[in-house]
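Since the structure comes first, as structure tokens, the remarks are kept for the end.
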Amino acid sequence: MAEKTIKKKAKRAVKKKRQANNNRIEIKIVEFASGEFKPLFVKGPDVGKVVIGWASKTAANWRSLGIGPPYTTINGNVYYRLDILEKYFGGDEIETFNQG
């Protein structure tokens with residue numbers, strides 16, 4: 001009985017560690033050239049093509065955990081708005097300059 005409890009605690013610890021590591025992934029949004037078509041929505045399975053470093057499987061895992069950017073479901077398909085992904089993963093850029 002105690003062995004089962006230890007195994008459950010170990011699994012929970014591994015799961016928490018994986019979640020923490022997922023939150024530290026370096027993620028970048030693909031930059032579109034001027035005049036290039038910029039989609040309004042990105043389908044869940046295609047999110048890895050637009051958000052570099054964030055796989056569609058990771059997106060699915062985050063959805064099941066209730067974390068990550070907001071999404072929409074239409075006819076059972078998951079969609080992310082590109083502007084929301086840019087805000088979520090873009091963060092607040094800080095401009096710096098050389099004072100030397």
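Letters for chains follow the order of the structure tokens (A, B, ...), residue numbers begin at 1 for each chain, and ligand numbers begin at 1 in the order shown.
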Contacts of range 58-72 of chain A at 8 Å (only C-alpha atoms; same-chain gap of 5+ positions) as a PyMOL selection string: chain A and resi 22+44+47+78-81+84-85+88
Only C-alpha atoms, please: the residues just picked out, written as a PDB file, in the first residue's frame.
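Dumped to result.pdb:
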```pdb
ATOM      1  CA  ASN A  22       7.056  23.652 -20.497  1.00  0.00           C
ATOM      2  CA  GLY A  44      -4.509  23.712 -33.370  1.00  0.00           C
ATOM      3  CA  VAL A  47       0.239  26.016 -34.335  1.00  0.00           C
ATOM      4  CA  VAL A  78      -9.343  24.079 -32.078  1.00  0.00           C
ATOM      5  CA  TYR A  79      -8.304  27.511 -33.369  1.00  0.00           C
ATOM      6  CA  TYR A  80      -6.039  30.185 -31.906  1.00  0.00           C
ATOM      7  CA  ARG A  81      -6.270  33.834 -32.923  1.00  0.00           C
ATOM      8  CA  ILE A  84      -3.645  36.593 -29.128  1.00  0.00           C
ATOM      9  CA  LEU A  85      -0.699  34.230 -29.688  1.00  0.00           C
ATOM     10  CA  TYR A  88       0.724  35.786 -25.159  1.00  0.00           C
TER      11      TYR A  88
END
```
So how many Å separate CA of Val51 in chain A and CA of Ile29 in chain A, to one decimal?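 These atoms are spaced 4.6 Å apart.
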In range 22-85 of chain A, DSSP alpha helix (DSSP H) residues written as a ChimeraX atom specification: /A:22-23,47-50,56-65,82-85
Those selected residues, please, written with N, CA and C atoms and delivered as a PDB file, in the first residue's frame.
```
ATOM      1  N   ASN A  22       7.835  23.162 -19.361  1.00  0.00           N
ATOM      2  CA  ASN A  22       7.056  23.652 -20.497  1.00  0.00           C
ATOM      3  C   ASN A  22       6.865  25.160 -20.421  1.00  0.00           C
ATOM      4  N   ASN A  23       6.761  25.691 -19.220  1.00  0.00           N
ATOM      5  CA  ASN A  23       6.561  27.124 -19.065  1.00  0.00           C
ATOM      6  C   ASN A  23       7.834  27.914 -19.345  1.00  0.00           C
ATOM      7  N   VAL A  47      -0.302  24.951 -35.178  1.00  0.00           N
ATOM      8  CA  VAL A  47       0.239  26.016 -34.335  1.00  0.00           C
ATOM      9  C   VAL A  47       1.772  25.983 -34.286  1.00  0.00           C
ATOM     10  N   GLY A  48       2.377  24.825 -34.399  1.00  0.00           N
ATOM     11  CA  GLY A  48       3.837  24.713 -34.375  1.00  0.00           C
ATOM     12  C   GLY A  48       4.506  25.348 -35.586  1.00  0.00           C
ATOM     13  N   LYS A  49       3.753  25.562 -36.665  1.00  0.00           N
ATOM     14  CA  LYS A  49       4.306  26.197 -37.863  1.00  0.00           C
ATOM     15  C   LYS A  49       4.381  27.712 -37.709  1.00  0.00           C
ATOM     16  N   VAL A  50       3.569  28.252 -36.818  1.00  0.00           N
ATOM     17  CA  VAL A  50       3.525  29.700 -36.625  1.00  0.00           C
ATOM     18  C   VAL A  50       4.236  30.104 -35.338  1.00  0.00           C
ATOM     19  N   SER A  56       2.271  21.393 -31.354  1.00  0.00           N
ATOM     20  CA  SER A  56       0.825  21.224 -31.244  1.00  0.00           C
ATOM     21  C   SER A  56       0.467  20.275 -30.101  1.00  0.00           C
ATOM     22  N   LYS A  57       1.331  19.297 -29.834  1.00  0.00           N
ATOM     23  CA  LYS A  57       1.083  18.381 -28.714  1.00  0.00           C
ATOM     24  C   LYS A  57       1.192  19.128 -27.378  1.00  0.00           C
ATOM     25  N   THR A  58       2.152  20.035 -27.280  1.00  0.00           N
ATOM     26  CA  THR A  58       2.274  20.847 -26.067  1.00  0.00           C
ATOM     27  C   THR A  58       1.035  21.718 -25.902  1.00  0.00           C
ATOM     28  N   ALA A  59       0.567  22.286 -27.007  1.00  0.00           N
ATOM     29  CA  ALA A  59      -0.647  23.101 -26.962  1.00  0.00           C
ATOM     30  C   ALA A  59      -1.829  22.268 -26.458  1.00  0.00           C
ATOM     31  N   ALA A  60      -1.944  21.041 -26.946  1.00  0.00           N
ATOM     32  CA  ALA A  60      -3.032  20.157 -26.506  1.00  0.00           C
ATOM     33  C   ALA A  60      -2.894  19.827 -25.024  1.00  0.00           C
ATOM     34  N   ASN A  61      -1.669  19.581 -24.576  1.00  0.00           N
ATOM     35  CA  ASN A  61      -1.449  19.292 -23.153  1.00  0.00           C
ATOM     36  C   ASN A  61      -1.820  20.498 -22.300  1.00  0.00           C
ATOM     37  N   TRP A  62      -1.424  21.684 -22.735  1.00  0.00           N
ATOM     38  CA  TRP A  62      -1.754  22.898 -21.984  1.00  0.00           C
ATOM     39  C   TRP A  62      -3.258  23.098 -21.919  1.00  0.00           C
ATOM     40  N   ARG A  63      -3.958  22.845 -23.026  1.00  0.00           N
ATOM     41  CA  ARG A  63      -5.422  22.986 -23.017  1.00  0.00           C
ATOM     42  C   ARG A  63      -6.041  22.035 -21.997  1.00  0.00           C
ATOM     43  N   SER A  64      -5.540  20.800 -21.941  1.00  0.00           N
ATOM     44  CA  SER A  64      -6.109  19.828 -21.000  1.00  0.00           C
ATOM     45  C   SER A  64      -5.835  20.223 -19.557  1.00  0.00           C
ATOM     46  N   LEU A  65      -4.737  20.966 -19.326  1.00  0.00           N
ATOM     47  CA  LEU A  65      -4.395  21.425 -17.980  1.00  0.00           C
ATOM     48  C   LEU A  65      -5.044  22.763 -17.639  1.00  0.00           C
ATOM     49  N   LEU A  82      -4.277  34.604 -34.073  1.00  0.00           N
ATOM     50  CA  LEU A  82      -2.863  34.931 -34.195  1.00  0.00           C
ATOM     51  C   LEU A  82      -2.494  36.136 -33.340  1.00  0.00           C
ATOM     52  N   ASP A  83      -3.347  37.146 -33.278  1.00  0.00           N
ATOM     53  CA  ASP A  83      -3.015  38.320 -32.467  1.00  0.00           C
ATOM     54  C   ASP A  83      -2.915  37.970 -30.981  1.00  0.00           C
ATOM     55  N   ILE A  84      -3.718  37.028 -30.526  1.00  0.00           N
ATOM     56  CA  ILE A  84      -3.645  36.593 -29.128  1.00  0.00           C
ATOM     57  C   ILE A  84      -2.351  35.818 -28.880  1.00  0.00           C
ATOM     58  N   LEU A  85      -1.965  34.954 -29.829  1.00  0.00           N
ATOM     59  CA  LEU A  85      -0.699  34.230 -29.688  1.00  0.00           C
ATOM     60  C   LEU A  85       0.474  35.203 -29.638  1.00  0.00           C
TER      61      LEU A  85
END
```
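Reported to one decimal place, the separation of CA of Glu36 in chain A from CA of Trp54 in chain A is 22.3 Å.
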Considering only strand (DSSP E or B) as DSSP defines it on the backbone, what residues of range 62-93 of chain A qualify? List them as a PyMOL selection string. chain A and resi 72-74+77-81
Dump C-alpha atoms for the selected residues as an mmCIF file, in the first residue's frame?
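See result-v9.cif below for the written result:
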```cif
data_model
loop_
_atom_site.group_PDB
_atom_site.id
_atom_site.type_symbol
_atom_site.label_atom_id
_atom_site.label_comp_id
_atom_site.auth_asym_id
_atom_site.auth_seq_id
_atom_site.Cartn_x
_atom_site.Cartn_y
_atom_site.Cartn_z
ATOM 1 C CA THR A 72 -11.819 28.746 -29.831
ATOM 2 C CA THR A 73 -13.458 25.500 -30.897
ATOM 3 C CA ILE A 74 -15.516 25.380 -34.065
ATOM 4 C CA ASN A 77 -11.593 21.898 -34.212
ATOM 5 C CA VAL A 78 -9.343 24.079 -32.078
ATOM 6 C CA TYR A 79 -8.304 27.511 -33.369
ATOM 7 C CA TYR A 80 -6.039 30.185 -31.906
ATOM 8 C CA ARG A 81 -6.270 33.834 -32.923
#
```
